[in-house]
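Data block for run_22.cif (mmCIF, C-alpha atoms and all ligand atoms):
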data_final
#
loop_
_atom_site.label_atom_id
_atom_site.label_comp_id
_atom_site.auth_asym_id
_atom_site.auth_seq_id
_atom_site.Cartn_x
_atom_site.Cartn_y
_atom_site.Cartn_z
CA MET A 656 -1.50 -16.50 -20.69
CA ILE A 657 -2.82 -13.02 -21.38
CA TYR A 658 -4.42 -11.38 -18.38
CA PRO A 659 -7.10 -8.73 -18.76
CA ILE A 660 -5.92 -5.29 -17.61
CA VAL A 661 -7.58 -3.98 -14.46
CA LYS A 662 -9.04 -0.51 -14.97
CA TYR A 663 -9.14 2.58 -12.81
CA GLY A 664 -11.83 2.19 -10.14
CA ASN A 665 -10.62 -1.24 -9.03
CA PRO A 666 -9.24 -0.84 -5.47
CA VAL A 667 -6.22 -3.08 -6.22
CA LEU A 668 -4.76 -0.14 -8.18
CA GLU A 669 -4.83 2.17 -5.19
CA LYS A 670 -3.26 0.12 -2.43
CA ALA A 671 0.37 -0.67 -1.73
CA ALA A 672 1.39 -4.07 -3.10
CA GLU A 673 3.09 -6.78 -1.01
CA PRO A 674 6.80 -7.62 -1.43
CA VAL A 675 7.69 -10.68 -3.48
CA THR A 676 9.48 -13.19 -1.23
CA ILE A 677 9.43 -16.42 -3.23
CA PHE A 678 11.43 -16.64 -6.47
CA ASP A 679 10.16 -19.87 -7.96
CA GLY A 680 8.80 -21.25 -11.22
CA GLU A 681 5.45 -19.73 -10.49
CA LEU A 682 7.01 -16.26 -10.37
CA GLN A 683 8.86 -16.87 -13.67
CA LYS A 684 5.58 -17.94 -15.28
CA LEU A 685 3.85 -14.84 -13.94
CA ILE A 686 6.63 -12.63 -15.34
CA ALA A 687 6.35 -14.28 -18.77
CA ASP A 688 2.57 -13.80 -18.65
CA MET A 689 3.01 -10.17 -17.68
CA PHE A 690 5.21 -9.48 -20.71
CA GLU A 691 2.66 -11.24 -22.92
CA SER A 692 -0.19 -9.25 -21.37
CA MET A 693 1.74 -5.97 -21.70
CA TYR A 694 2.50 -6.53 -25.39
CA ALA A 695 -1.09 -7.62 -26.08
CA ALA A 696 -2.26 -4.34 -24.55
CA HIS A 697 0.35 -2.35 -26.57
CA GLY A 698 2.05 -1.11 -23.41
CA VAL A 699 5.69 -0.44 -22.56
CA GLY A 700 5.28 -1.14 -18.85
CA LEU A 701 2.99 -3.22 -16.65
CA ALA A 702 2.78 -3.58 -12.87
CA ALA A 703 1.30 -6.70 -11.25
CA PRO A 704 -1.62 -4.79 -9.61
CA GLN A 705 -2.75 -3.95 -13.15
CA ILE A 706 -3.60 -7.62 -13.65
CA GLY A 707 -5.16 -7.81 -10.18
CA ILE A 708 -2.11 -9.22 -8.38
CA ALA A 709 -1.04 -7.07 -5.39
CA LYS A 710 2.67 -7.95 -5.59
CA ARG A 711 5.67 -5.65 -5.96
CA LEU A 712 6.53 -6.70 -9.48
CA ALA A 713 6.67 -4.85 -12.79
CA VAL A 714 7.86 -5.47 -16.34
CA ILE A 715 9.12 -2.83 -18.77
CA ASP A 716 10.14 -2.76 -22.42
CA VAL A 717 10.34 0.80 -23.70
CA THR A 718 11.45 -0.50 -27.15
CA PHE A 719 8.27 -2.60 -27.50
CA LYS A 720 9.95 -5.86 -28.65
CA GLU A 721 12.56 -4.12 -30.85
CA ASP A 722 15.48 -4.82 -28.52
CA PRO A 723 15.29 -8.11 -26.56
CA ASP A 724 17.92 -6.73 -24.17
CA ALA A 725 15.55 -3.91 -23.24
CA LYS A 726 13.19 -6.31 -21.44
CA LEU A 727 13.37 -5.43 -17.78
CA VAL A 728 11.91 -7.15 -14.75
CA LEU A 729 11.68 -5.15 -11.54
CA VAL A 730 10.93 -7.13 -8.40
CA ASN A 731 10.54 -5.13 -5.17
CA PRO A 732 11.85 -1.95 -6.85
CA GLU A 733 12.87 1.18 -4.98
CA ILE A 734 13.75 4.52 -6.51
CA LEU A 735 17.25 5.44 -5.31
CA HIS A 736 17.76 8.69 -7.14
CA SER A 737 15.93 11.02 -9.48
CA GLU A 738 17.34 14.12 -11.12
CA GLY A 739 16.38 16.68 -13.69
CA ARG A 740 12.91 17.36 -14.98
CA ASN A 741 11.15 16.06 -18.04
CA ARG A 742 7.61 17.00 -19.03
CA GLN A 743 5.94 14.58 -21.45
CA ASN A 744 2.63 13.03 -22.30
CA GLU A 745 1.95 10.03 -20.12
CA GLY A 746 -0.74 7.39 -20.18
CA CYS A 747 -1.58 4.17 -18.36
CA LEU A 748 -3.06 0.88 -19.57
CA SER A 749 -5.42 1.04 -16.57
CA ILE A 750 -6.73 4.46 -17.65
CA PRO A 751 -7.12 3.79 -21.38
CA ASP A 752 -7.67 6.59 -23.91
CA PHE A 753 -6.50 9.33 -21.56
CA ARG A 754 -3.11 11.05 -21.64
CA GLU A 755 -1.78 14.04 -19.76
CA GLN A 756 1.45 15.99 -19.49
CA VAL A 757 3.33 14.81 -16.41
CA THR A 758 6.59 16.22 -15.06
CA ARG A 759 8.96 13.48 -13.89
CA GLY A 760 12.64 13.08 -13.15
CA ARG A 761 14.73 12.88 -16.34
CA LYS A 762 17.39 10.52 -15.00
CA VAL A 763 16.35 7.91 -12.47
CA THR A 764 18.18 5.11 -10.67
CA VAL A 765 16.19 2.15 -9.46
CA LYS A 766 17.26 -0.71 -7.22
CA ALA A 767 15.37 -3.97 -7.69
CA GLN A 768 15.63 -7.73 -7.65
CA ASP A 769 15.63 -9.75 -10.87
CA MET A 770 13.41 -12.78 -11.45
CA HIS A 771 15.86 -14.94 -9.46
CA GLY A 772 16.03 -12.58 -6.49
CA LYS A 773 19.40 -10.99 -7.31
CA TRP A 774 19.60 -7.29 -6.48
CA PHE A 775 20.76 -4.84 -9.16
CA GLU A 776 20.76 -1.12 -9.84
CA LYS A 777 19.88 0.48 -13.14
CA THR A 778 19.84 4.08 -14.31
CA GLY A 779 17.46 5.15 -17.04
CA GLU A 780 16.86 8.40 -18.84
CA ASP A 781 13.79 9.98 -20.41
CA LEU A 782 11.18 7.31 -21.28
CA LEU A 783 12.93 4.60 -19.25
CA ALA A 784 13.24 6.94 -16.26
CA ARG A 785 9.53 7.71 -16.62
CA ALA A 786 8.71 4.00 -16.74
CA PHE A 787 10.72 3.35 -13.53
CA LEU A 788 8.75 6.06 -11.74
CA HIS A 789 5.36 5.17 -13.23
CA GLU A 790 5.65 1.44 -12.44
CA THR A 791 7.10 1.94 -8.96
CA ASP A 792 4.23 4.35 -8.26
CA HIS A 793 1.79 1.55 -9.22
CA LEU A 794 3.32 -0.70 -6.55
CA ASN A 795 2.69 2.05 -4.01
CA GLY A 796 -0.94 2.36 -5.07
CA LYS A 797 -0.32 5.58 -6.93
CA LEU A 798 -1.49 6.45 -10.45
CA TYR A 799 -0.06 9.07 -12.80
CA ILE A 800 -3.18 11.21 -12.41
CA SER A 801 -2.01 11.95 -8.87
CA HIS A 802 0.77 14.00 -10.50
CA ILE A 803 -1.56 16.29 -12.50
CA SER A 804 -3.67 19.22 -11.35
CA ALA A 805 -6.80 18.49 -9.29
CA LEU A 806 -8.84 20.19 -12.00
CA LYS A 807 -7.57 17.89 -14.76
CA ARG A 808 -7.83 14.87 -12.48
CA ASP A 809 -11.47 15.62 -11.63
CA LEU A 810 -12.26 16.07 -15.31
CA ILE A 811 -10.82 12.63 -16.10
CA LYS A 812 -12.69 11.07 -13.16
CA ARG A 813 -15.94 12.65 -14.33
CA LYS A 814 -15.46 11.30 -17.86
CA ILE A 815 -14.68 7.84 -16.47
CA ARG A 816 -17.81 7.90 -14.30
CA LYS A 817 -19.84 8.59 -17.46
CA LEU A 818 -18.13 5.70 -19.25
CA VAL A 819 -18.84 3.40 -16.28
CA LYS A 820 -22.51 4.40 -16.35
CA ALA A 821 -22.67 3.74 -20.07
CA GLY A 822 -21.08 0.32 -19.51
CA GLU A 823 -18.09 1.38 -21.59
CA TRP A 824 -15.39 1.12 -18.91
ZN ZN B 901 0.19 2.56 -15.43
#
Would you kindly transcribe this structure into structure tokens?
Ligand SMILES: [Zn+2]
Amino acid sequence: MIYPIVKYGNPVLEKAAEPVTIFDGELQKLIADMFESMYAAHGVGLAAPQIGIAKRLAVIDVTFKEDPDAKLVLVNPEILHSEGRNRQNEGCLSIPDFREQVTRGRKVTVKAQDMHGKWFEKTGEDLLARAFLHETDHLNGKLYISHISALKRDLIKRKIRKLVKAGEW
């Protein structure tokens, strides 16, 4: 099932999500649906709050279907380590049609549970490191625009308010 993506302005995007405690068939189905929803929206990462579910769960595929082994499920993720700096354009499915330069760690280690509850650690660089940080931020109610200047953030918010008024958001 493809879920619609929740857009900026919905409070679910700006509150901390609840830990996942039950690893059952329902969770597996949700994870499969999240991958489907992410691909349908042409994204490389999706956090559960972005489909209106306030759970600490995210899916990532920075190869966008090219490498099946690149599909990653992060349940209850925590960032263990971040090093270096990498400044790149970043966007978010919940803030469509906007992109900004965001400085993030270049090499990031995340600790998370897989879909069966087993803990693992994974280190990613560049785009994958960015995805770890971006998606974990989502689970803490934080959006990438919190990492840009107040001036740029206000400009984006003003444009979004206009789109909301016009019924285009
Ligand atoms: Zn996002």
Tell me, counting all atoms listed in the file, for each residue of range 725-783 of chain A within 12 Å of range 672-676 of chain A, which pair of atoms is nearest and how far apart they are in Å to one decimal, in rows ordered by chain and increasing number, as a tab-separated table.
residue	atom	partner	partner_atom	distance
A:Leu729	CA	A:Val675	CA	10.6
A:Val730	CA	A:Val675	CA	6.9
A:Asn731	CA	A:Pro674	CA	5.8
A:Pro732	CA	A:Pro674	CA	9.3
A:Glu733	CA	A:Pro674	CA	11.3
A:Ala767	CA	A:Val675	CA	11.0
A:Gln768	CA	A:Val675	CA	9.4
A:Asp769	CA	A:Val675	CA	10.9
A:Met770	CA	A:Val675	CA	10.0
A:His771	CA	A:Thr676	CA	10.6
A:Gly772	CA	A:Thr676	CA	8.4
A:Lys773	CA	A:Thr676	CA	11.8
- [ ] Skip Arg785 in chain A itself and residues of its chain fewer than 3 positions away, then list as a PyMOL selection string all residues within 10 Å of it, counting all atoms listed in the file.
- [x] chain A and resi 717+741-743+745+757-763+779-782+788-791
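Counting only C-alpha atoms and comparing A:Gln756, A:Thr764, A:Thr718, A:Asn665, the residue that lies closest to Val699 in chain A is A:Thr718.
Proximity of A:Glu776, A:Glu823, A:Glu738, A:Asp792 to ligand ZN 901 (chain B), computed with only C-alpha atoms and all ligand atoms, is greatest for A:Asp792.
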- [ ] Grab me every residue within 12 Å of ligand ZN 901 (chain B), counting all atoms listed in the file, and send it over as JSON, numbers by chain.
- [x] {"A": [660, 661, 662, 663, 668, 669, 693, 696, 698, 699, 700, 701, 702, 703, 704, 705, 706, 713, 714, 715, 745, 746, 747, 748, 749, 750, 751, 753, 754, 785, 786, 787, 788, 789, 790, 791, 792, 793, 794, 795, 796, 797, 798, 799, 800, 801]}
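Here CA of Ile657 in chain A and CA of Asp752 in chain A stand 20.4 Å from one another.
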Task: Atomic distance CA of Arg740 in chain A - CA of Lys777 in chain A, expressed in Å with one decimal - done: 18.4 Å
TODO: Extract, using all atoms listed in the file, all DNA, RNA and protein residues at most 12 Å from Leu810 in chain A, discarding same-chain residues fewer than 5 positions from it, and format them as a PyMOL selection string.
DONE: chain A and resi 753+755+800+803-805+815-817
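With only C-alpha atoms as the atoms that count, the minimum distance from Val819 in chain A to the choices A:Gly739, A:Pro659, A:Gly664, A:Gly707 is reached by A:Gly664.
Separating CA of Tyr694 in chain A from CA of Asp716 in chain A is a distance of 9.0 Å.
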Open item on the list: My list of candidates is A:Ile708, A:Ala695, A:Ala725, A:Val765. Which is closest to Ser737 in chain A when distances are computed with only C-alpha atoms?
Closed with: A:Val765
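Proximity to Phe690 in chain A was assessed for A:Ile811, A:Ala671, A:Leu712, A:Ile734 counting all atoms listed in the file; the smallest distance is recorded for A:Leu712.
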TODO: Around the point (22.8, -2.2, -7.1), in the coordinates given by the file, pick out the residues reaching within 7 Å, counting all atoms listed in the file, and return them as a PyMOL selection string.
DONE: chain A and resi 766+774-776
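Residues lying within 8 Å of Asp688 in chain A, counting only C-alpha atoms and ignoring same-chain neighbours fewer than 3 positions away, are Met656, Ile657, Tyr658, Lys684, Leu685, Glu691 and Ser692 of chain A.
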I need the residues from that last selection saved to file as a compact mmCIF listing (two decimals), keeping the file's coordinate frame (with C-alpha atoms), if you can.
# COMPACT_ATOMS: atom_id res chain seq x y z
CA MET A 656 -1.50 -16.50 -20.69
CA ILE A 657 -2.82 -13.02 -21.38
CA TYR A 658 -4.42 -11.38 -18.38
CA LYS A 684 5.58 -17.94 -15.28
CA LEU A 685 3.85 -14.84 -13.94
CA GLU A 691 2.66 -11.24 -22.92
CA SER A 692 -0.19 -9.25 -21.37
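Nearest residue to Leu682 in chain A, choosing from A:Arg711, A:His802, A:Thr778, A:Pro723 and counting all atoms listed in the file: A:Arg711.
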All heavy atoms of range 671-683 of chain A from block above, as a PDB file, in the first residue's frame:
ATOM      1  N   ALA A 671       8.800  14.282  18.614  1.00  0.00           N
ATOM      2  CA  ALA A 671       9.618  13.075  18.709  1.00  0.00           C
ATOM      3  C   ALA A 671       8.715  11.845  18.570  1.00  0.00           C
ATOM      4  O   ALA A 671       7.634  11.788  19.158  1.00  0.00           O
ATOM      5  CB  ALA A 671      10.361  13.044  20.031  1.00  0.00           C
ATOM      6  N   ALA A 672       9.158  10.876  17.780  1.00  0.00           N
ATOM      7  CA  ALA A 672       8.388   9.657  17.565  1.00  0.00           C
ATOM      8  C   ALA A 672       8.633   8.666  18.706  1.00  0.00           C
ATOM      9  O   ALA A 672       9.634   8.744  19.414  1.00  0.00           O
ATOM     10  CB  ALA A 672       8.772   9.044  16.227  1.00  0.00           C
ATOM     11  N   GLU A 673       7.709   7.728  18.859  1.00  0.00           N
ATOM     12  CA  GLU A 673       7.777   6.718  19.931  1.00  0.00           C
ATOM     13  C   GLU A 673       8.601   5.508  19.486  1.00  0.00           C
ATOM     14  O   GLU A 673       8.524   5.099  18.327  1.00  0.00           O
ATOM     15  CB  GLU A 673       6.359   6.218  20.258  1.00  0.00           C
ATOM     16  CG  GLU A 673       5.439   7.268  20.853  1.00  0.00           C
ATOM     17  CD  GLU A 673       5.872   7.682  22.248  1.00  0.00           C
ATOM     18  OE1 GLU A 673       6.351   6.813  23.007  1.00  0.00           O
ATOM     19  OE2 GLU A 673       5.766   8.880  22.568  1.00  0.00           O
ATOM     20  N   PRO A 674       9.370   4.917  20.417  1.00  0.00           N
ATOM     21  CA  PRO A 674      10.140   3.716  20.052  1.00  0.00           C
ATOM     22  C   PRO A 674       9.228   2.583  19.560  1.00  0.00           C
ATOM     23  O   PRO A 674       8.091   2.450  20.020  1.00  0.00           O
ATOM     24  CB  PRO A 674      10.810   3.308  21.367  1.00  0.00           C
ATOM     25  CG  PRO A 674      10.792   4.525  22.220  1.00  0.00           C
ATOM     26  CD  PRO A 674       9.580   5.317  21.810  1.00  0.00           C
ATOM     27  N   VAL A 675       9.765   1.790  18.648  1.00  0.00           N
ATOM     28  CA  VAL A 675       9.090   0.571  18.206  1.00  0.00           C
ATOM     29  C   VAL A 675       9.425  -0.510  19.220  1.00  0.00           C
ATOM     30  O   VAL A 675      10.604  -0.707  19.561  1.00  0.00           O
ATOM     31  CB  VAL A 675       9.574   0.160  16.795  1.00  0.00           C
ATOM     32  CG1 VAL A 675       9.027  -1.203  16.405  1.00  0.00           C
ATOM     33  CG2 VAL A 675       9.202   1.223  15.773  1.00  0.00           C
ATOM     34  N   THR A 676       8.413  -1.219  19.738  1.00  0.00           N
ATOM     35  CA  THR A 676       8.663  -2.254  20.740  1.00  0.00           C
ATOM     36  C   THR A 676       8.188  -3.628  20.272  1.00  0.00           C
ATOM     37  O   THR A 676       8.607  -4.651  20.807  1.00  0.00           O
ATOM     38  CB  THR A 676       7.953  -1.919  22.072  1.00  0.00           C
ATOM     39  OG1 THR A 676       6.577  -1.689  21.792  1.00  0.00           O
ATOM     40  CG2 THR A 676       8.549  -0.680  22.723  1.00  0.00           C
ATOM     41  N   ILE A 677       7.306  -3.650  19.283  1.00  0.00           N
ATOM     42  CA  ILE A 677       6.769  -4.934  18.815  1.00  0.00           C
ATOM     43  C   ILE A 677       7.227  -5.191  17.387  1.00  0.00           C
ATOM     44  O   ILE A 677       6.988  -4.381  16.483  1.00  0.00           O
ATOM     45  CB  ILE A 677       5.220  -4.939  18.892  1.00  0.00           C
ATOM     46  CG1 ILE A 677       4.792  -4.698  20.352  1.00  0.00           C
ATOM     47  CG2 ILE A 677       4.643  -6.251  18.380  1.00  0.00           C
ATOM     48  CD1 ILE A 677       3.326  -4.349  20.524  1.00  0.00           C
ATOM     49  N   PHE A 678       7.932  -6.313  17.211  1.00  0.00           N
ATOM     50  CA  PHE A 678       8.481  -6.686  15.898  1.00  0.00           C
ATOM     51  C   PHE A 678       7.656  -7.844  15.350  1.00  0.00           C
ATOM     52  O   PHE A 678       8.028  -9.001  15.477  1.00  0.00           O
ATOM     53  CB  PHE A 678       9.963  -7.047  16.033  1.00  0.00           C
ATOM     54  CG  PHE A 678      10.805  -5.875  16.469  1.00  0.00           C
ATOM     55  CD1 PHE A 678      10.896  -5.518  17.808  1.00  0.00           C
ATOM     56  CD2 PHE A 678      11.475  -5.116  15.542  1.00  0.00           C
ATOM     57  CE1 PHE A 678      11.661  -4.422  18.206  1.00  0.00           C
ATOM     58  CE2 PHE A 678      12.247  -4.022  15.919  1.00  0.00           C
ATOM     59  CZ  PHE A 678      12.329  -3.674  17.255  1.00  0.00           C
ATOM     60  N   ASP A 679       6.525  -7.511  14.764  1.00  0.00           N
ATOM     61  CA  ASP A 679       5.605  -8.552  14.304  1.00  0.00           C
ATOM     62  C   ASP A 679       5.313  -8.383  12.813  1.00  0.00           C
ATOM     63  O   ASP A 679       5.926  -7.549  12.142  1.00  0.00           O
ATOM     64  CB  ASP A 679       4.310  -8.500  15.130  1.00  0.00           C
ATOM     65  CG  ASP A 679       3.617  -7.133  15.015  1.00  0.00           C
ATOM     66  OD1 ASP A 679       4.160  -6.246  14.307  1.00  0.00           O
ATOM     67  OD2 ASP A 679       2.556  -6.962  15.624  1.00  0.00           O
ATOM     68  N   GLY A 680       4.375  -9.168  12.332  1.00  0.00           N
ATOM     69  CA  GLY A 680       4.003  -9.120  10.922  1.00  0.00           C
ATOM     70  C   GLY A 680       3.495  -7.753  10.507  1.00  0.00           C
ATOM     71  O   GLY A 680       3.690  -7.317   9.364  1.00  0.00           O
ATOM     72  N   GLU A 681       2.847  -7.096  11.434  1.00  0.00           N
ATOM     73  CA  GLU A 681       2.316  -5.766  11.142  1.00  0.00           C
ATOM     74  C   GLU A 681       3.452  -4.778  10.844  1.00  0.00           C
ATOM     75  O   GLU A 681       3.349  -3.943   9.946  1.00  0.00           O
ATOM     76  CB  GLU A 681       1.519  -5.281  12.365  1.00  0.00           C
ATOM     77  CG  GLU A 681       0.376  -4.340  12.058  1.00  0.00           C
ATOM     78  CD  GLU A 681      -0.407  -3.989  13.323  1.00  0.00           C
ATOM     79  OE1 GLU A 681      -0.895  -4.922  14.005  1.00  0.00           O
ATOM     80  OE2 GLU A 681      -0.475  -2.797  13.649  1.00  0.00           O
ATOM     81  N   LEU A 682       4.537  -4.917  11.624  1.00  0.00           N
ATOM     82  CA  LEU A 682       5.704  -4.046  11.404  1.00  0.00           C
ATOM     83  C   LEU A 682       6.334  -4.347  10.033  1.00  0.00           C
ATOM     84  O   LEU A 682       6.687  -3.429   9.284  1.00  0.00           O
ATOM     85  CB  LEU A 682       6.734  -4.221  12.524  1.00  0.00           C
ATOM     86  CG  LEU A 682       7.966  -3.330  12.391  1.00  0.00           C
ATOM     87  CD1 LEU A 682       7.635  -1.869  12.696  1.00  0.00           C
ATOM     88  CD2 LEU A 682       9.093  -3.801  13.300  1.00  0.00           C
ATOM     89  N   GLN A 683       6.466  -5.648   9.715  1.00  0.00           N
ATOM     90  CA  GLN A 683       7.053  -6.019   8.417  1.00  0.00           C
ATOM     91  C   GLN A 683       6.236  -5.452   7.257  1.00  0.00           C
ATOM     92  O   GLN A 683       6.772  -4.991   6.262  1.00  0.00           O
ATOM     93  CB  GLN A 683       7.149  -7.547   8.245  1.00  0.00           C
ATOM     94  CG  GLN A 683       7.211  -8.343   9.525  1.00  0.00           C
ATOM     95  CD  GLN A 683       8.605  -8.498  10.093  1.00  0.00           C
ATOM     96  OE1 GLN A 683       9.447  -9.034   9.430  1.00  0.00           O
ATOM     97  NE2 GLN A 683       8.843  -8.039  11.296  1.00  0.00           N
TER      98      GLN A 683
END
